[in-house]
file model.cif (mmCIF, C-alpha atoms and all ligand atoms)
data_entry
loop_
_atom_site.label_atom_id
_atom_site.label_comp_id
_atom_site.auth_asym_id
_atom_site.auth_seq_id
_atom_site.Cartn_x
_atom_site.Cartn_y
_atom_site.Cartn_z
CA MET A 1 -58.00 -54.95 -0.65
CA LYS A 2 -56.75 -58.49 -1.03
CA LEU A 3 -53.22 -57.80 -2.35
CA SER A 4 -50.25 -56.71 -0.26
CA THR A 5 -48.43 -53.48 -1.09
CA ASP A 6 -45.50 -55.53 -2.38
CA THR A 7 -47.74 -57.52 -4.73
CA VAL A 8 -49.42 -54.33 -6.01
CA GLU A 9 -45.99 -52.78 -6.71
CA SER A 10 -44.66 -55.91 -8.37
CA LEU A 11 -47.74 -56.29 -10.62
CA ALA A 12 -47.42 -52.60 -11.55
CA ALA A 13 -43.73 -53.13 -12.39
CA HIS A 14 -44.67 -56.16 -14.49
CA LEU A 15 -47.39 -54.36 -16.49
CA ASP A 16 -45.26 -51.22 -16.82
CA GLY A 17 -42.44 -53.38 -18.19
CA CYS A 18 -44.86 -54.83 -20.75
CA VAL A 19 -45.74 -51.26 -21.82
CA LEU A 20 -42.11 -50.16 -22.10
CA GLU A 21 -40.99 -53.29 -23.97
CA ALA A 22 -44.19 -53.78 -26.06
CA ARG A 23 -44.50 -57.27 -24.61
CA ASP A 24 -47.75 -59.09 -23.90
CA THR A 25 -48.70 -61.09 -20.82
CA LEU A 26 -51.47 -63.28 -19.47
CA LYS A 27 -54.17 -61.48 -17.51
CA ILE A 28 -53.04 -60.88 -13.95
CA THR A 29 -56.21 -62.30 -12.37
CA ASP A 30 -55.05 -65.76 -13.52
CA ALA A 31 -52.45 -65.66 -10.74
CA HIS A 32 -54.52 -63.42 -8.42
CA PRO A 33 -58.15 -64.55 -8.77
CA ASP A 34 -59.17 -62.90 -5.46
CA MET A 35 -58.09 -59.45 -6.62
CA GLU A 36 -60.68 -56.74 -5.87
CA TRP A 37 -61.55 -53.48 -7.64
CA ASP A 38 -59.47 -51.52 -5.11
CA ASP A 39 -56.49 -53.73 -5.88
CA ALA A 40 -56.93 -53.13 -9.61
CA TYR A 41 -57.05 -49.34 -9.21
CA ALA A 42 -54.13 -49.50 -6.73
CA ILE A 43 -52.03 -51.23 -9.42
CA GLN A 44 -53.11 -48.57 -11.94
CA ASP A 45 -52.10 -45.85 -9.41
CA ALA A 46 -48.70 -47.50 -8.97
CA ILE A 47 -48.23 -47.52 -12.76
CA ARG A 48 -49.14 -43.82 -12.78
CA ARG A 49 -46.51 -43.11 -10.09
CA ARG A 50 -43.93 -44.98 -12.14
CA ALA A 51 -44.76 -42.89 -15.25
CA LEU A 52 -44.59 -39.64 -13.23
CA SER A 53 -41.23 -40.64 -11.75
CA ARG A 54 -39.92 -40.95 -15.33
CA GLY A 55 -40.96 -37.32 -15.94
CA ALA A 56 -44.39 -37.85 -17.54
CA ARG A 57 -47.16 -35.34 -16.82
CA ILE A 58 -50.86 -36.12 -16.34
CA VAL A 59 -52.82 -34.39 -19.10
CA GLY A 60 -56.21 -35.96 -18.50
CA TYR A 61 -58.29 -39.06 -18.04
CA LYS A 62 -60.23 -41.60 -20.05
CA ALA A 63 -63.43 -43.51 -19.66
CA GLY A 64 -63.49 -46.87 -21.40
CA LEU A 65 -66.10 -49.45 -22.32
CA THR A 66 -68.78 -46.76 -22.27
CA SER A 67 -70.72 -47.84 -25.36
CA HIS A 68 -72.80 -50.95 -25.92
CA ALA A 69 -70.71 -51.66 -29.04
CA LYS A 70 -67.52 -51.77 -26.94
CA MET A 71 -69.17 -53.65 -24.09
CA ARG A 72 -70.44 -56.26 -26.54
CA GLN A 73 -67.05 -56.46 -28.26
CA MET A 74 -65.26 -57.08 -24.95
CA ASN A 75 -68.10 -59.03 -23.27
CA VAL A 76 -68.31 -56.74 -20.22
CA ASP A 77 -71.02 -54.56 -18.71
CA VAL A 78 -69.50 -51.64 -16.76
CA PRO A 79 -67.26 -48.70 -17.73
CA VAL A 80 -63.67 -48.39 -16.51
CA PHE A 81 -61.43 -45.37 -15.97
CA GLY A 82 -57.77 -44.59 -16.60
CA PHE A 83 -55.28 -41.73 -16.78
CA LEU A 84 -53.61 -40.02 -19.74
CA VAL A 85 -50.03 -38.74 -19.68
CA ASP A 86 -48.30 -36.41 -22.13
CA THR A 87 -46.15 -39.23 -23.50
CA TYR A 88 -49.30 -40.87 -24.94
CA GLU A 89 -50.17 -37.78 -26.98
CA LEU A 90 -49.55 -37.62 -30.73
CA PRO A 91 -49.96 -34.53 -32.90
CA ASP A 92 -52.93 -34.31 -35.26
CA GLY A 93 -51.71 -35.70 -38.59
CA GLY A 94 -48.68 -37.25 -36.88
CA GLU A 95 -47.24 -40.74 -36.85
CA CYS A 96 -47.80 -43.59 -34.44
CA ASP A 97 -44.87 -46.03 -34.30
CA VAL A 98 -46.40 -49.50 -34.06
CA SER A 99 -43.04 -51.10 -33.17
CA LYS A 100 -43.55 -49.61 -29.70
CA LEU A 101 -46.99 -51.24 -29.37
CA ILE A 102 -48.26 -54.81 -29.17
CA HIS A 103 -51.55 -54.98 -31.12
CA PRO A 104 -52.99 -51.46 -31.46
CA LYS A 105 -56.63 -50.67 -32.17
CA VAL A 106 -58.29 -47.29 -32.67
CA GLU A 107 -61.46 -45.90 -31.14
CA PRO A 108 -63.42 -42.82 -32.26
CA GLU A 109 -64.17 -40.62 -29.28
CA ILE A 110 -65.48 -37.23 -28.25
CA ALA A 111 -62.82 -35.50 -26.13
CA PHE A 112 -63.80 -32.94 -23.49
CA VAL A 113 -61.48 -30.15 -22.35
CA THR A 114 -62.42 -28.69 -18.98
CA LYS A 115 -62.26 -25.04 -17.91
CA THR A 116 -63.09 -25.55 -14.23
CA GLU A 117 -62.49 -28.36 -11.77
CA LEU A 118 -65.01 -31.22 -11.79
CA LYS A 119 -65.52 -33.07 -8.56
CA GLY A 120 -67.79 -35.89 -7.46
CA PRO A 121 -69.81 -37.24 -5.78
CA GLY A 122 -73.04 -36.01 -7.32
CA CYS A 123 -71.51 -34.92 -10.61
CA HIS A 124 -74.04 -35.01 -13.47
CA ILE A 125 -74.29 -34.16 -17.17
CA GLY A 126 -75.23 -30.50 -16.45
CA ALA A 127 -72.17 -30.00 -14.23
CA VAL A 128 -69.93 -31.56 -16.89
CA LEU A 129 -71.30 -29.29 -19.62
CA ALA A 130 -70.90 -26.21 -17.38
CA ALA A 131 -67.27 -27.16 -16.70
CA THR A 132 -66.49 -27.92 -20.36
CA ASP A 133 -64.40 -25.42 -22.28
CA PHE A 134 -64.92 -27.25 -25.58
CA VAL A 135 -65.10 -30.68 -27.16
CA ILE A 136 -62.84 -31.92 -29.93
CA ALA A 137 -62.37 -35.08 -31.96
CA GLY A 138 -60.26 -37.79 -30.35
CA ILE A 139 -58.77 -40.99 -31.70
CA GLU A 140 -57.68 -43.27 -28.89
CA VAL A 141 -55.08 -45.92 -29.72
CA ILE A 142 -55.61 -48.73 -27.24
CA ASP A 143 -53.07 -51.51 -26.78
CA SER A 144 -54.01 -54.01 -24.11
CA ARG A 145 -50.95 -55.58 -22.62
CA TYR A 146 -52.92 -58.83 -22.37
CA ARG A 147 -52.38 -61.54 -24.95
CA ASP A 148 -54.98 -61.37 -27.74
CA PHE A 149 -56.93 -58.68 -25.80
CA LYS A 150 -58.12 -61.48 -23.49
CA PHE A 151 -58.83 -60.05 -20.06
CA ASP A 152 -61.41 -59.43 -17.39
CA LEU A 153 -62.35 -56.01 -16.06
CA LYS A 154 -60.07 -56.00 -13.03
CA SER A 155 -57.08 -56.97 -15.16
CA VAL A 156 -57.87 -54.21 -17.66
CA VAL A 157 -58.26 -51.58 -14.93
CA ALA A 158 -54.85 -52.53 -13.54
CA ASP A 159 -53.46 -52.14 -17.08
CA ASN A 160 -54.65 -48.50 -17.16
CA THR A 161 -57.59 -49.55 -19.35
CA SER A 162 -55.32 -50.35 -22.32
CA ALA A 163 -54.35 -46.67 -22.71
CA ALA A 164 -51.43 -46.27 -25.11
CA ARG A 165 -51.69 -43.23 -27.43
CA PHE A 166 -54.23 -40.61 -28.42
CA VAL A 167 -54.59 -37.78 -30.86
CA ALA A 168 -57.04 -34.92 -30.47
CA GLY A 169 -57.90 -32.27 -33.04
CA GLY A 170 -60.37 -30.52 -35.26
CA GLN A 171 -62.07 -27.22 -34.56
CA PRO A 172 -62.84 -26.87 -30.83
CA LEU A 173 -66.63 -26.85 -30.41
CA ALA A 174 -68.30 -25.02 -27.51
CA VAL A 175 -71.05 -27.15 -26.03
CA ASP A 176 -73.65 -24.36 -25.52
CA GLY A 177 -76.64 -25.16 -27.67
CA VAL A 178 -75.03 -28.30 -29.13
CA ASP A 179 -76.68 -31.67 -28.59
CA LEU A 180 -73.73 -34.02 -28.14
CA ARG A 181 -76.09 -36.99 -28.37
CA THR A 182 -76.74 -36.41 -32.05
CA LEU A 183 -73.20 -35.43 -33.02
CA GLY A 184 -72.36 -37.80 -35.87
CA ILE A 185 -68.97 -39.43 -36.40
CA VAL A 186 -67.33 -41.35 -39.23
CA LEU A 187 -64.10 -43.29 -38.71
CA GLU A 188 -62.09 -43.88 -41.88
CA LYS A 189 -59.24 -46.31 -42.38
CA ASN A 190 -57.16 -45.77 -45.52
CA GLY A 191 -59.83 -43.48 -46.94
CA ARG A 192 -62.70 -45.95 -46.44
CA PRO A 193 -65.39 -45.45 -43.80
CA VAL A 194 -65.15 -48.34 -41.35
CA ALA A 195 -67.35 -47.25 -38.43
CA PHE A 196 -70.17 -44.75 -37.89
CA GLY A 197 -72.03 -43.53 -34.88
CA ALA A 198 -73.27 -40.64 -32.79
CA GLY A 199 -72.51 -39.31 -29.33
CA ALA A 200 -75.52 -41.03 -27.76
CA ALA A 201 -73.76 -44.38 -28.23
CA VAL A 202 -71.73 -43.44 -25.15
CA LEU A 203 -74.04 -44.04 -22.18
CA GLY A 204 -76.83 -42.07 -23.88
CA HIS A 205 -74.76 -38.85 -23.67
CA PRO A 206 -70.93 -38.62 -23.72
CA ALA A 207 -70.99 -36.14 -20.81
CA ALA A 208 -72.49 -38.95 -18.70
CA ALA A 209 -69.18 -40.81 -19.04
CA VAL A 210 -67.29 -37.74 -17.80
CA ALA A 211 -69.72 -37.40 -14.86
CA MET A 212 -69.13 -41.07 -13.98
CA LEU A 213 -65.38 -40.46 -14.15
CA ALA A 214 -65.68 -37.44 -11.80
CA ASN A 215 -67.76 -39.50 -9.37
CA HIS A 216 -65.29 -42.37 -9.57
CA LEU A 217 -62.37 -40.00 -8.82
CA GLY A 218 -64.39 -38.22 -6.11
CA ALA A 219 -64.89 -41.51 -4.28
CA ARG A 220 -61.11 -41.80 -4.19
CA GLY A 221 -60.51 -38.20 -3.04
CA GLU A 222 -59.47 -36.99 -6.48
CA SER A 223 -61.01 -34.61 -9.01
CA ILE A 224 -60.66 -33.62 -12.66
CA PRO A 225 -58.60 -30.40 -12.72
CA ALA A 226 -59.38 -27.48 -15.05
CA GLY A 227 -57.53 -27.87 -18.34
CA SER A 228 -57.85 -31.67 -18.43
CA LEU A 229 -58.56 -33.61 -21.62
CA ILE A 230 -61.01 -36.45 -21.16
CA LEU A 231 -61.63 -39.20 -23.68
CA SER A 232 -65.25 -40.14 -23.09
CA GLY A 233 -65.04 -43.62 -24.61
CA GLY A 234 -65.22 -45.35 -27.98
CA ILE A 235 -68.46 -44.66 -29.84
CA THR A 236 -68.05 -47.80 -31.93
CA GLU A 237 -66.15 -51.04 -31.68
CA ALA A 238 -62.35 -50.67 -31.74
CA VAL A 239 -60.70 -51.18 -35.16
CA ALA A 240 -57.35 -53.00 -35.47
CA VAL A 241 -54.54 -51.09 -37.22
CA GLU A 242 -51.06 -51.89 -38.49
CA ALA A 243 -48.10 -50.09 -40.03
CA GLY A 244 -49.13 -48.36 -43.27
CA ASP A 245 -52.67 -47.55 -42.11
CA ASN A 246 -54.03 -44.01 -42.16
CA VAL A 247 -56.89 -43.30 -39.78
CA THR A 248 -59.14 -40.24 -39.90
CA LEU A 249 -62.00 -39.39 -37.59
CA ARG A 250 -64.62 -36.92 -38.83
CA VAL A 251 -66.94 -35.40 -36.25
CA GLN A 252 -69.92 -33.26 -37.20
CA GLY A 253 -69.26 -29.59 -36.40
CA ILE A 254 -65.66 -30.27 -35.41
CA GLY A 255 -63.95 -31.49 -38.57
CA SER A 256 -61.33 -34.17 -38.70
CA VAL A 257 -58.33 -35.52 -36.86
CA GLY A 258 -55.91 -38.07 -38.22
CA VAL A 259 -52.96 -40.30 -37.49
CA ARG A 260 -50.67 -42.45 -39.62
CA PHE A 261 -49.36 -45.78 -38.38
CA VAL A 262 -45.74 -46.47 -39.30
O1 LIG B 301 -60.90 -47.19 -24.08
C1 LIG B 301 -61.52 -48.26 -24.05
O2 LIG B 301 -62.74 -48.35 -24.24
C2 LIG B 301 -60.74 -49.52 -23.81
C3 LIG B 301 -60.94 -50.01 -22.45
C4 LIG B 301 -60.18 -51.28 -22.25
C5 LIG B 301 -60.69 -52.44 -22.99
C6 LIG B 301 -60.00 -52.67 -24.29
O3 LIG B 301 -58.77 -52.80 -24.32
O4 LIG B 301 -60.69 -52.79 -25.29
MG MG B 302 -61.24 -45.56 -25.46
#
call {"tool": "encode", "arguments": {"input": "model.cif", "output": "structure tokens"}}
result
Amino acid sequence: MKLSTDTVESLAAHLDGCVLEARDTLKITDAHPDMEWDDAYAIQDAIRRRALSRGARIVGYKAGLTSHAKMRQMNVDVPVFGFLVDTYELPDGGECDVSKLIHPKVEPEIAFVTKTELKGPGCHIGAVLAATDFVIAGIEVIDSRYRDFKFDLKSVVADNTSAARFVAGGQPLAVDGVDLRTLGIVLEKNGRPVAFGAGAAVLGHPAAAVAMLANHLGARGESIPAGSLILSGGITEAVAVEAGDNVTLRVQGIGSVGVRFV
């Protein structure tokens, strides 16, 4: 680690303030170019502690930048991981208030719900599928706190990987006998299809993203508890949204989930 505890806490307070006030900022590596991966995750952990101290509850985790479409869009080459708290969750068919966000975008994702604990190292696709209760459709609303979504990977990790809101829904699908690689998705904005894809766009198999997450947490002495919801990463590029937009995600075998931006 290159940053002192005080600097980690003050950067967490700064980014958390940006979240709470829907205010953007320059990427934090501009002022801290020597920051390391451990520093970035330490800042994310401090943001998590701040959310928990306000009464939020961890409901799951997310993997981000797991598809080539997203990696290309953001000009990066490795996945990143973040946490999800209950205050991010929106009901299926509910409203997302854009006045509380900076510049939201949506991502179509396959969400896993676990029935047993998942722990790395050595976690693999088979272990993820065995620990999966079901998968459902997930729309992640990302909202980087960095001006114009301009960041590098360490800055985005510190910013809890742009996590802001999510909605999960549709008919829960058991994974036995289902090939998640060929599960097709269509993302619609205002009734028009705007992005298409299939599960394999996420690291060849969306469960691979969950395995990477478990291994990442395992290296830090953490695990994915039973009953967690995991967003496995955007299958397509993220799509910008604004007040008045209606977004629906249709996933083969699962049905649809939707959110309205107001
Ligand atoms: O969930 C994601 O794939 C987003 C990761 C962070 C990068 C971004 O804000 O696009
Ligand atoms: Mg995402």
call {"tool": "closest_residue", "arguments": {"input": "model.cif", "among": "A:Val202, A:Val141, A:Ala174, A:Val157", "to": "ligand MG 302 (chain B)", "atoms": "only C-alpha atoms and all ligand atoms"}}
result
A:Val141
call {"tool": "residues_around", "arguments": {"input": "model.cif", "residues": "A:Ala22", "least_positions_apart": "6", "cutoff": "6 Å", "atoms": "all atoms listed in the file", "output": "ChimeraX atom specification"}}
result
/A:100-102
call {"tool": "closest_atom_pairs", "arguments": {"input": "model.cif", "of": "chain A", "to": "ligand LIG 301 (chain B)", "cutoff": "6 Å", "atoms": "all atoms listed in the file", "output": "JSON lines"}}
result
{"residue": "A:Gly64", "atom": "CA", "partner": "B:LIG301", "partner_atom": "O2", "distance": 3.3}
{"residue": "A:Leu65", "atom": "CA", "partner": "B:LIG301", "partner_atom": "O2", "distance": 4.0}
{"residue": "A:Ile142", "atom": "CA", "partner": "B:LIG301", "partner_atom": "O3", "distance": 5.9}
{"residue": "A:Ser144", "atom": "CA", "partner": "B:LIG301", "partner_atom": "O3", "distance": 4.9}
{"residue": "A:Val156", "atom": "CA", "partner": "B:LIG301", "partner_atom": "C4", "distance": 5.9}
{"residue": "A:Thr161", "atom": "CA", "partner": "B:LIG301", "partner_atom": "C4", "distance": 4.3}
{"residue": "A:Ser162", "atom": "CA", "partner": "B:LIG301", "partner_atom": "O3", "distance": 4.7}
{"residue": "A:Gly233", "atom": "CA", "partner": "B:LIG301", "partner_atom": "O2", "distance": 5.3}
{"residue": "A:Gly234", "atom": "CA", "partner": "B:LIG301", "partner_atom": "O2", "distance": 5.4}
call {"tool": "residues_near_ligand", "arguments": {"input": "model.cif", "ligand": "ligand MG 302 (chain B)", "cutoff": "12 Å", "atoms": "only C-alpha atoms and all ligand atoms", "output": "JSON, numbers by chain"}}
result
{"A": [61, 62, 63, 64, 65, 66, 67, 69, 70, 71, 79, 80, 81, 82, 83, 84, 104, 105, 106, 107, 108, 109, 110, 111, 138, 139, 140, 141, 142, 143, 144, 160, 161, 162, 163, 164, 165, 166, 167, 202, 209, 230, 231, 232, 233, 234, 235, 236, 237, 238, 239]}
call {"tool": "closest_residue", "arguments": {"input": "model.cif", "among": "A:Val76, A:Ala198, A:Ala40, A:Cys96", "to": "A:Val262", "atoms": "all atoms listed in the file"}}
result
A:Cys96
call {"tool": "atom_distance", "arguments": {"input": "model.cif", "atom1": "atom CA of A:Ile43", "atom2": "atom CA of A:Thr116"}}
result
28.4 Å
call {"tool": "residues_near_point", "arguments": {"input": "model.cif", "point": "(-67.8, -32.4, -11.0)", "cutoff": "7 Å", "atoms": "only C-alpha atoms", "output": "compact mmCIF listing (two decimals) with C-alpha atoms, keeping the file's coordinate frame"}}
result
# COMPACT_ATOMS: atom_id res chain seq x y z
CA GLU A 117 -62.49 -28.36 -11.77
CA LEU A 118 -65.01 -31.22 -11.79
CA LYS A 119 -65.52 -33.07 -8.56
CA GLY A 120 -67.79 -35.89 -7.46
CA CYS A 123 -71.51 -34.92 -10.61
CA ALA A 127 -72.17 -30.00 -14.23
CA VAL A 128 -69.93 -31.56 -16.89
CA ALA A 211 -69.72 -37.40 -14.86
CA ALA A 214 -65.68 -37.44 -11.80
call {"tool": "closest_residue", "arguments": {"input": "model.cif", "among": "A:Ser155, A:Thr7, A:Ser53, A:Ser228", "to": "A:Val135", "atoms": "all atoms listed in the file"}}
result
A:Ser228
call {"tool": "closest_residue", "arguments": {"input": "model.cif", "among": "A:Ala226, A:Val247, A:Cys18, A:Ile125", "to": "A:Ala195", "atoms": "only C-alpha atoms"}}
result
A:Val247
call {"tool": "residues_around", "arguments": {"input": "model.cif", "residues": "A:Ala42", "least_positions_apart": "6", "cutoff": "12 Å", "atoms": "only C-alpha atoms", "output": "list in words"}}
result
Met1, Lys2, Leu3, Ser4, Thr5, Asp6, Thr7, Val8, Glu9, Ser10, Leu11, Ala12, Met35, Glu36, Arg48, Arg49, Gly82, Lys154, Ser155, Val157, Ala158, Asp159, Asn160 and Arg220 of chain A
call {"tool": "atom_distance", "arguments": {"input": "model.cif", "atom1": "atom CA of A:Ala168", "atom2": "atom CA of A:Ala137"}}
result
5.5 Å
call {"tool": "closest_residue", "arguments": {"input": "model.cif", "among": "A:Leu249, A:Ala51, A:Leu129, A:Ala31", "to": "A:Val194", "atoms": "only C-alpha atoms"}}
result
A:Leu249
call {"tool": "closest_residue", "arguments": {"input": "model.cif", "among": "A:Asp16, A:Gly184, A:Arg145, A:Gly122", "to": "A:His216", "atoms": "all atoms listed in the file"}}
result
A:Gly122
call {"tool": "residues_around", "arguments": {"input": "model.cif", "residues": "A:Val85", "least_positions_apart": "2", "cutoff": "8 Å", "atoms": "all atoms listed in the file", "output": "list in words"}}
result
Ala56, Arg57, Ile58, Val59, Gly60, Phe83, Thr87, Tyr88 and Glu89 of chain A
call {"tool": "write_last_selection", "arguments": {"input": "model.cif", "atoms": "C-alpha atoms", "output": "compact mmCIF listing (two decimals), keeping the file's coordinate frame"}}
result
# COMPACT_ATOMS: atom_id res chain seq x y z
CA ALA A 56 -44.39 -37.85 -17.54
CA ARG A 57 -47.16 -35.34 -16.82
CA ILE A 58 -50.86 -36.12 -16.34
CA VAL A 59 -52.82 -34.39 -19.10
CA GLY A 60 -56.21 -35.96 -18.50
CA PHE A 83 -55.28 -41.73 -16.78
CA THR A 87 -46.15 -39.23 -23.50
CA TYR A 88 -49.30 -40.87 -24.94
CA GLU A 89 -50.17 -37.78 -26.98
call {"tool": "atom_distance", "arguments": {"input": "model.cif", "atom1": "atom CA of A:Pro225", "atom2": "atom CA of A:Phe112"}}
result
12.2 Å
call {"tool": "residues_around", "arguments": {"input": "model.cif", "residues": "A:Asp148", "least_positions_apart": "5", "cutoff": "10 Å", "atoms": "only C-alpha atoms", "output": "ChimeraX atom specification"}}
result
/A:24-26,102-103
call {"tool": "decode", "arguments": {"input": "model.cif", "residues": "stretch 57-79 of chain A", "atoms": "N, CA and C atoms", "output": "short mmCIF file (atom, residue, chain, number, x, y, z; two decimals), in the first residue's frame"}}
result
data_model
loop_
_atom_site.label_atom_id
_atom_site.label_comp_id
_atom_site.auth_asym_id
_atom_site.auth_seq_id
_atom_site.Cartn_x
_atom_site.Cartn_y
_atom_site.Cartn_z
N ARG A 57 -27.28 -2.30 4.33
CA ARG A 57 -27.01 -3.73 4.51
C ARG A 57 -26.41 -4.26 3.21
N ILE A 58 -25.36 -5.08 3.31
CA ILE A 58 -24.80 -5.69 2.10
C ILE A 58 -25.78 -6.74 1.58
N VAL A 59 -26.15 -6.64 0.31
CA VAL A 59 -27.04 -7.65 -0.27
C VAL A 59 -26.32 -8.50 -1.31
N GLY A 60 -25.14 -8.07 -1.71
CA GLY A 60 -24.42 -8.86 -2.70
C GLY A 60 -23.21 -8.14 -3.24
N TYR A 61 -22.80 -8.57 -4.42
CA TYR A 61 -21.56 -8.08 -5.01
C TYR A 61 -21.76 -7.89 -6.50
N LYS A 62 -20.81 -7.23 -7.14
CA LYS A 62 -20.87 -7.08 -8.59
C LYS A 62 -19.48 -7.30 -9.18
N ALA A 63 -19.50 -7.85 -10.37
CA ALA A 63 -18.29 -7.88 -11.19
C ALA A 63 -18.53 -6.87 -12.30
N GLY A 64 -17.51 -6.12 -12.65
CA GLY A 64 -17.67 -5.12 -13.70
C GLY A 64 -16.59 -5.27 -14.75
N LEU A 65 -16.86 -4.71 -15.91
CA LEU A 65 -15.90 -4.76 -17.02
C LEU A 65 -15.55 -6.22 -17.36
N THR A 66 -16.57 -7.06 -17.41
CA THR A 66 -16.33 -8.48 -17.65
C THR A 66 -16.59 -8.89 -19.11
N SER A 67 -17.04 -7.97 -19.93
CA SER A 67 -17.26 -8.33 -21.34
C SER A 67 -16.32 -7.52 -22.23
N HIS A 68 -16.01 -8.06 -23.39
CA HIS A 68 -15.13 -7.32 -24.31
C HIS A 68 -15.79 -6.01 -24.73
N ALA A 69 -17.14 -6.02 -24.84
CA ALA A 69 -17.84 -4.78 -25.24
C ALA A 69 -17.58 -3.69 -24.22
N LYS A 70 -17.70 -4.04 -22.92
CA LYS A 70 -17.45 -3.05 -21.86
C LYS A 70 -15.97 -2.66 -21.79
N MET A 71 -15.11 -3.67 -21.93
CA MET A 71 -13.67 -3.36 -21.85
C MET A 71 -13.28 -2.40 -22.96
N ARG A 72 -13.82 -2.67 -24.17
CA ARG A 72 -13.53 -1.79 -25.31
C ARG A 72 -14.07 -0.39 -25.03
N GLN A 73 -15.34 -0.36 -24.53
CA GLN A 73 -15.98 0.94 -24.29
C GLN A 73 -15.17 1.78 -23.31
N MET A 74 -14.59 1.13 -22.28
CA MET A 74 -13.89 1.87 -21.25
C MET A 74 -12.37 1.82 -21.42
N ASN A 75 -11.92 1.12 -22.49
CA ASN A 75 -10.48 1.07 -22.79
C ASN A 75 -9.67 0.46 -21.63
N VAL A 76 -10.12 -0.66 -21.13
CA VAL A 76 -9.44 -1.37 -20.04
C VAL A 76 -9.38 -2.86 -20.38
N ASP A 77 -8.63 -3.63 -19.59
CA ASP A 77 -8.50 -5.04 -19.95
C ASP A 77 -8.63 -6.04 -18.80
N VAL A 78 -9.04 -5.59 -17.60
CA VAL A 78 -9.28 -6.57 -16.53
C VAL A 78 -10.59 -6.25 -15.80
N PRO A 79 -11.27 -7.28 -15.28
CA PRO A 79 -12.50 -7.03 -14.52
C PRO A 79 -12.21 -6.36 -13.17
#
